[in-house]
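Below is one structure, written out as structure tokens; the observations come after it.
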Amino acid sequence: MRIFQHVQDIGDLSVALQEAQEVKRDRFQWQHLGRNKTALLIFFNNSLRTRLSTQKAAMNLGMNVIVLDVNQGAWKLETERGVIMDGDKSEHLLEAIPVMACYCDIIAIRSFAGLTDRDYDYAETVMQQFVKYSGKPVVAMETATVHPLQAFADLITIEEHKTVARPKVVLTWAPHCRALPQAVPNSFAEWMRAADVDLVVTHPEGYELDPLFVGDARVEYNQKKAFEGADFIYAKNWSCPGVTNPADYGKIISRDMSWTVDAEHMSWTNNGKFLHCLPVRRGLIVTDDVIEGPNSLVIPEAANREISAQVVLKRVLESNE
């Protein structure tokens with residue numbers, strides 16, 4: 001595996017989930033794979049779980065780790081082609097990428113959507129430049145449109161806590177004070193569609209996710225109806241994906257607080273478990289009693305970020321020995 005960005009890159013999900021449990025039982029048995037190898041983790045945006053979990057996963061595998069914060073301590077990078085660089089950006093990504101590649105064996109990237117140009121974001125312009133010009137395996141730690149390490153961790157968590165063979169999993173939009181990317185819900189929908197779950201996506205009209213990710217999953221605009229009988233509730237805000245109206249891409253088109261997940265919402269479920277990728281805006285996405293309640297899985301879910309990252313890095317190392 002040289003590129004990790006989508007669910008198909010991981011192969012058979014049942015095998016990947018079994019491997020995740022094997023890693024969880026003994027994180028350190030593959031340190032020979034990473035000996036004298038270096039992982040470069042590049043952050044164009046802020047991070048807590050992604051940074052710590054991916055760094056820990058690489059260290060578990062015996063790797064050296066370099067962490068680069070592009071916006072703190074490095075030259076500002078230009079990502080557009082054909083521009084006159086007379087602003088505050090001193091270095092172009094096309095020179096920076098092969099230089100970075102000189103110092104590592106695996107490159108992992110975190111770069112959010114700009115939410116102003118849908119074509120630019122959904123073409124995965126930054127990610128694809130690393131794939132094309134680095135010559136090294138590239139792992140998506142979150143890109144303009146996907147967050148596969150999070151979705152893999154979400155699936156591991158669901159597999160560990162499900163009480164029925166094929167649980168009902170609901171991805172629900174919730175309100176937020178800022179316009180957020182669609183990367184997390186995109187990947188969650190993509191990975192759940194590939195898994196053995198009954199996926200329902202619920203959101204106000206106008207927030208339809210790109211068919212590339214949501215596919216034929218059931219979309220329900222009535223949140224209460226969507227929650228009925230659910231085993232897992234995954235709450236997440238996203239800005240308008242611009243599918244039905246491209247002019248609204250990246251905008252907040254609803255602030256409906258009735259979509260906030262509270263105890264009443266959870267009462268509609270089948271004793272459902274609550275999931276969220278974190279960080280979470282309490283009182284907007286979810287109420288205190290739900291996220292602190294006995295059915296909240298946000299901490300085990302975050303812990304599984306280390307496991308998902310380690311499985312991915314392990315496979316990259318194994319396939320590029």
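The way I read the labels, and the way they are meant: chains A, B, ... in the order of the structure tokens, residue 1 as the first residue of every chain, and ligand 1 as the first ligand shown, with later ones counted on from there.
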
Who sits within 9 Å of range 45-61 of chain A, only C-alpha atoms, same chain under 3 positions skipped, as number ranges by chain: A: 27-35, 38-39, 41-42, 64-67, 69-71, 108, 110-112, 141-142, 149-150, 278-279, 302-311, 313-314

List as a PDB file with all heavy atoms, in the first residue's frame the protein and nucleic acid residues near Val139 in chain A, meaning an atom at most 9 Å away when only C-alpha atoms are counted, but skip any in the same chain fewer than 2 places from it.
ATOM      1  N   ARG A   2       0.790   2.051  -1.066  1.00  0.00           N
ATOM      2  CA  ARG A   2       1.579   3.277  -1.157  1.00  0.00           C
ATOM      3  C   ARG A   2       0.743   4.528  -0.898  1.00  0.00           C
ATOM      4  O   ARG A   2       1.288   5.572  -0.544  1.00  0.00           O
ATOM      5  CB  ARG A   2       2.252   3.387  -2.526  1.00  0.00           C
ATOM      6  CG  ARG A   2       3.397   2.419  -2.716  1.00  0.00           C
ATOM      7  CD  ARG A   2       4.193   2.726  -3.964  1.00  0.00           C
ATOM      8  NE  ARG A   2       4.829   4.045  -3.945  1.00  0.00           N
ATOM      9  CZ  ARG A   2       5.986   4.310  -3.357  1.00  0.00           C
ATOM     10  NH1 ARG A   2       6.638   3.355  -2.696  1.00  0.00           N
ATOM     11  NH2 ARG A   2       6.512   5.532  -3.394  1.00  0.00           N
ATOM     12  N   ILE A   3      -0.557   4.413  -1.102  1.00  0.00           N
ATOM     13  CA  ILE A   3      -1.436   5.553  -0.862  1.00  0.00           C
ATOM     14  C   ILE A   3      -2.564   5.099   0.060  1.00  0.00           C
ATOM     15  O   ILE A   3      -3.192   4.059  -0.180  1.00  0.00           O
ATOM     16  CB  ILE A   3      -2.056   6.094  -2.170  1.00  0.00           C
ATOM     17  CG1 ILE A   3      -0.963   6.366  -3.217  1.00  0.00           C
ATOM     18  CG2 ILE A   3      -2.879   7.348  -1.896  1.00  0.00           C
ATOM     19  CD1 ILE A   3       0.057   7.390  -2.800  1.00  0.00           C
ATOM     20  N   PHE A   4      -2.814   5.855   1.109  1.00  0.00           N
ATOM     21  CA  PHE A   4      -3.965   5.584   1.974  1.00  0.00           C
ATOM     22  C   PHE A   4      -4.814   6.838   2.019  1.00  0.00           C
ATOM     23  O   PHE A   4      -4.426   7.849   2.586  1.00  0.00           O
ATOM     24  CB  PHE A   4      -3.539   5.188   3.384  1.00  0.00           C
ATOM     25  CG  PHE A   4      -4.710   4.983   4.305  1.00  0.00           C
ATOM     26  CD1 PHE A   4      -5.531   3.879   4.169  1.00  0.00           C
ATOM     27  CD2 PHE A   4      -5.006   5.911   5.298  1.00  0.00           C
ATOM     28  CE1 PHE A   4      -6.631   3.690   5.010  1.00  0.00           C
ATOM     29  CE2 PHE A   4      -6.082   5.738   6.138  1.00  0.00           C
ATOM     30  CZ  PHE A   4      -6.903   4.619   6.000  1.00  0.00           C
ATOM     31  N   GLN A   5      -5.989   6.745   1.400  1.00  0.00           N
ATOM     32  CA  GLN A   5      -6.895   7.885   1.339  1.00  0.00           C
ATOM     33  C   GLN A   5      -8.356   7.453   1.415  1.00  0.00           C
ATOM     34  O   GLN A   5      -9.174   8.149   2.011  1.00  0.00           O
ATOM     35  CB  GLN A   5      -6.642   8.675   0.050  1.00  0.00           C
ATOM     36  CG  GLN A   5      -7.387   9.996  -0.048  1.00  0.00           C
ATOM     37  CD  GLN A   5      -6.975  10.802  -1.264  1.00  0.00           C
ATOM     38  OE1 GLN A   5      -6.269  10.307  -2.157  1.00  0.00           O
ATOM     39  NE2 GLN A   5      -7.408  12.054  -1.323  1.00  0.00           N
ATOM     40  N   ILE A 106       8.062   7.684   4.750  1.00  0.00           N
ATOM     41  CA  ILE A 106       6.606   7.796   4.617  1.00  0.00           C
ATOM     42  C   ILE A 106       6.231   9.244   4.896  1.00  0.00           C
ATOM     43  O   ILE A 106       6.761   9.862   5.813  1.00  0.00           O
ATOM     44  CB  ILE A 106       5.863   6.879   5.616  1.00  0.00           C
ATOM     45  CG1 ILE A 106       6.166   5.403   5.345  1.00  0.00           C
ATOM     46  CG2 ILE A 106       4.350   7.125   5.557  1.00  0.00           C
ATOM     47  CD1 ILE A 106       5.579   4.464   6.393  1.00  0.00           C
ATOM     48  N   ILE A 107       5.321   9.777   4.089  1.00  0.00           N
ATOM     49  CA  ILE A 107       4.797  11.122   4.316  1.00  0.00           C
ATOM     50  C   ILE A 107       3.326  11.009   4.692  1.00  0.00           C
ATOM     51  O   ILE A 107       2.554  10.320   4.016  1.00  0.00           O
ATOM     52  CB  ILE A 107       4.937  12.006   3.066  1.00  0.00           C
ATOM     53  CG1 ILE A 107       6.413  12.251   2.753  1.00  0.00           C
ATOM     54  CG2 ILE A 107       4.224  13.341   3.258  1.00  0.00           C
ATOM     55  CD1 ILE A 107       6.644  13.057   1.481  1.00  0.00           C
ATOM     56  N   ALA A 108       2.944  11.667   5.782  1.00  0.00           N
ATOM     57  CA  ALA A 108       1.538  11.742   6.177  1.00  0.00           C
ATOM     58  C   ALA A 108       1.138  13.215   6.195  1.00  0.00           C
ATOM     59  O   ALA A 108       1.895  14.062   6.677  1.00  0.00           O
ATOM     60  CB  ALA A 108       1.316  11.109   7.542  1.00  0.00           C
ATOM     61  N   ILE A 109      -0.039  13.526   5.665  1.00  0.00           N
ATOM     62  CA  ILE A 109      -0.440  14.917   5.438  1.00  0.00           C
ATOM     63  C   ILE A 109      -1.787  15.211   6.076  1.00  0.00           C
ATOM     64  O   ILE A 109      -2.721  14.404   5.989  1.00  0.00           O
ATOM     65  CB  ILE A 109      -0.575  15.207   3.932  1.00  0.00           C
ATOM     66  CG1 ILE A 109       0.675  14.786   3.174  1.00  0.00           C
ATOM     67  CG2 ILE A 109      -0.872  16.678   3.680  1.00  0.00           C
ATOM     68  CD1 ILE A 109       0.389  14.528   1.735  1.00  0.00           C
ATOM     69  N   PRO A 137       5.489   6.752  -0.165  1.00  0.00           N
ATOM     70  CA  PRO A 137       4.117   6.425   0.259  1.00  0.00           C
ATOM     71  C   PRO A 137       3.498   7.616   0.988  1.00  0.00           C
ATOM     72  O   PRO A 137       4.172   8.284   1.781  1.00  0.00           O
ATOM     73  CB  PRO A 137       4.307   5.235   1.202  1.00  0.00           C
ATOM     74  CG  PRO A 137       5.614   4.639   0.802  1.00  0.00           C
ATOM     75  CD  PRO A 137       6.476   5.794   0.369  1.00  0.00           C
ATOM     76  N   MET A 141      -3.848  12.081   6.630  1.00  0.00           N
ATOM     77  CA  MET A 141      -4.227  12.261   8.028  1.00  0.00           C
ATOM     78  C   MET A 141      -5.484  13.127   8.136  1.00  0.00           C
ATOM     79  O   MET A 141      -6.020  13.295   9.225  1.00  0.00           O
ATOM     80  CB  MET A 141      -3.093  12.887   8.834  1.00  0.00           C
ATOM     81  CG  MET A 141      -1.869  12.023   8.979  1.00  0.00           C
ATOM     82  SD  MET A 141      -0.679  12.665  10.188  1.00  0.00           S
ATOM     83  CE  MET A 141      -0.189  14.203   9.414  1.00  0.00           C
ATOM     84  N   GLU A 142      -5.906  13.708   7.114  1.00  0.00           N
ATOM     85  CA  GLU A 142      -7.156  14.409   6.814  1.00  0.00           C
ATOM     86  C   GLU A 142      -6.839  15.330   5.655  1.00  0.00           C
ATOM     87  O   GLU A 142      -5.859  16.074   5.679  1.00  0.00           O
ATOM     88  CB  GLU A 142      -7.739  15.223   7.964  1.00  0.00           C
ATOM     89  CG  GLU A 142      -9.060  15.878   7.571  1.00  0.00           C
ATOM     90  CD  GLU A 142      -9.830  16.518   8.699  1.00  0.00           C
ATOM     91  OE1 GLU A 142      -9.373  16.477   9.848  1.00  0.00           O
ATOM     92  OE2 GLU A 142     -10.925  17.089   8.417  1.00  0.00           O
ATOM     93  N   VAL A 312      -2.454   1.104   9.468  1.00  0.00           N
ATOM     94  CA  VAL A 312      -2.142   1.700   8.170  1.00  0.00           C
ATOM     95  C   VAL A 312      -0.636   1.811   7.969  1.00  0.00           C
ATOM     96  O   VAL A 312      -0.099   1.398   6.929  1.00  0.00           O
ATOM     97  CB  VAL A 312      -2.820   3.080   8.031  1.00  0.00           C
ATOM     98  CG1 VAL A 312      -2.293   3.821   6.810  1.00  0.00           C
ATOM     99  CG2 VAL A 312      -4.331   2.914   7.939  1.00  0.00           C
ATOM    100  N   LEU A 313       0.077   2.360   8.946  1.00  0.00           N
ATOM    101  CA  LEU A 313       1.523   2.512   8.807  1.00  0.00           C
ATOM    102  C   LEU A 313       2.217   1.151   8.710  1.00  0.00           C
ATOM    103  O   LEU A 313       3.186   0.979   7.953  1.00  0.00           O
ATOM    104  CB  LEU A 313       2.079   3.305   9.988  1.00  0.00           C
ATOM    105  CG  LEU A 313       1.677   4.783  10.051  1.00  0.00           C
ATOM    106  CD1 LEU A 313       2.155   5.409  11.353  1.00  0.00           C
ATOM    107  CD2 LEU A 313       2.213   5.557   8.854  1.00  0.00           C
ATOM    108  N   VAL A 316       1.816  -0.065   5.211  1.00  0.00           N
ATOM    109  CA  VAL A 316       2.683   0.679   4.291  1.00  0.00           C
ATOM    110  C   VAL A 316       4.117   0.171   4.397  1.00  0.00           C
ATOM    111  O   VAL A 316       4.787  -0.073   3.378  1.00  0.00           O
ATOM    112  CB  VAL A 316       2.633   2.200   4.594  1.00  0.00           C
ATOM    113  CG1 VAL A 316       3.676   2.934   3.764  1.00  0.00           C
ATOM    114  CG2 VAL A 316       1.243   2.758   4.307  1.00  0.00           C
TER     115      VAL A 316
END

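Residue neighbourhood of range 76-88 of chain A, excluding near-sequence residues (fewer than 5 positions): Val70, Asn71, Leu93, Leu94, Ala96, Thr125, Val126 and Gln129 of chain A, at 9 Å, using only C-alpha atoms.
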
Strand (DSSP E) call set, DSSP backbone run, range 140-296 of chain A, as a VMD selection string: chain A and resid 140 to 142 168 to 173 198 to 202 218 to 220 232 to 236 273 to 275

Written file, previous selection with C-alpha atoms, as a PDB file, in the first residue's frame:
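What landed in out_33.pdb:
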ATOM      1  CA  ALA A 140      -3.956  11.032   4.448  1.00  0.00           C
ATOM      2  CA  MET A 141      -4.227  12.261   8.028  1.00  0.00           C
ATOM      3  CA  GLU A 142      -7.156  14.409   6.814  1.00  0.00           C
ATOM      4  CA  LYS A 168     -28.084   0.553  12.709  1.00  0.00           C
ATOM      5  CA  VAL A 169     -25.658   3.455  12.472  1.00  0.00           C
ATOM      6  CA  VAL A 170     -26.894   7.022  12.055  1.00  0.00           C
ATOM      7  CA  LEU A 171     -24.736   9.881  10.832  1.00  0.00           C
ATOM      8  CA  THR A 172     -26.491  13.042  11.954  1.00  0.00           C
ATOM      9  CA  TRP A 173     -25.732  16.655  11.096  1.00  0.00           C
ATOM     10  CA  ASP A 198     -27.287  -0.327   8.292  1.00  0.00           C
ATOM     11  CA  LEU A 199     -26.295   3.277   7.566  1.00  0.00           C
ATOM     12  CA  VAL A 200     -28.744   6.172   7.705  1.00  0.00           C
ATOM     13  CA  VAL A 201     -27.660   9.771   7.041  1.00  0.00           C
ATOM     14  CA  THR A 202     -29.823  12.578   8.403  1.00  0.00           C
ATOM     15  CA  ARG A 218     -30.520   6.014   3.024  1.00  0.00           C
ATOM     16  CA  VAL A 219     -30.932   9.749   3.559  1.00  0.00           C
ATOM     17  CA  GLU A 220     -33.640  10.810   6.029  1.00  0.00           C
ATOM     18  CA  PHE A 232     -25.026   4.131  17.201  1.00  0.00           C
ATOM     19  CA  ILE A 233     -25.399   7.880  16.718  1.00  0.00           C
ATOM     20  CA  TYR A 234     -22.500   9.686  15.057  1.00  0.00           C
ATOM     21  CA  ALA A 235     -22.985  13.447  15.356  1.00  0.00           C
ATOM     22  CA  LYS A 236     -20.999  15.836  13.193  1.00  0.00           C
ATOM     23  CA  LYS A 273     -24.140   4.699  21.794  1.00  0.00           C
ATOM     24  CA  PHE A 274     -22.912   8.223  21.059  1.00  0.00           C
ATOM     25  CA  LEU A 275     -19.901   8.858  18.808  1.00  0.00           C
TER      26      LEU A 275
END

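Residue nearest Asn237 in chain A within the list A:Gly114, A:Pro98, A:Pro204, A:Pro294: A:Pro204 [criterion: smallest interatomic distance, only C-alpha atoms].
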
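Shortest atom-to-atom contact with Tyr122 in chain A among A:Gln72, A:Thr269, A:Gln182, A:Thr287: A:Gln182, counting only C-alpha atoms.
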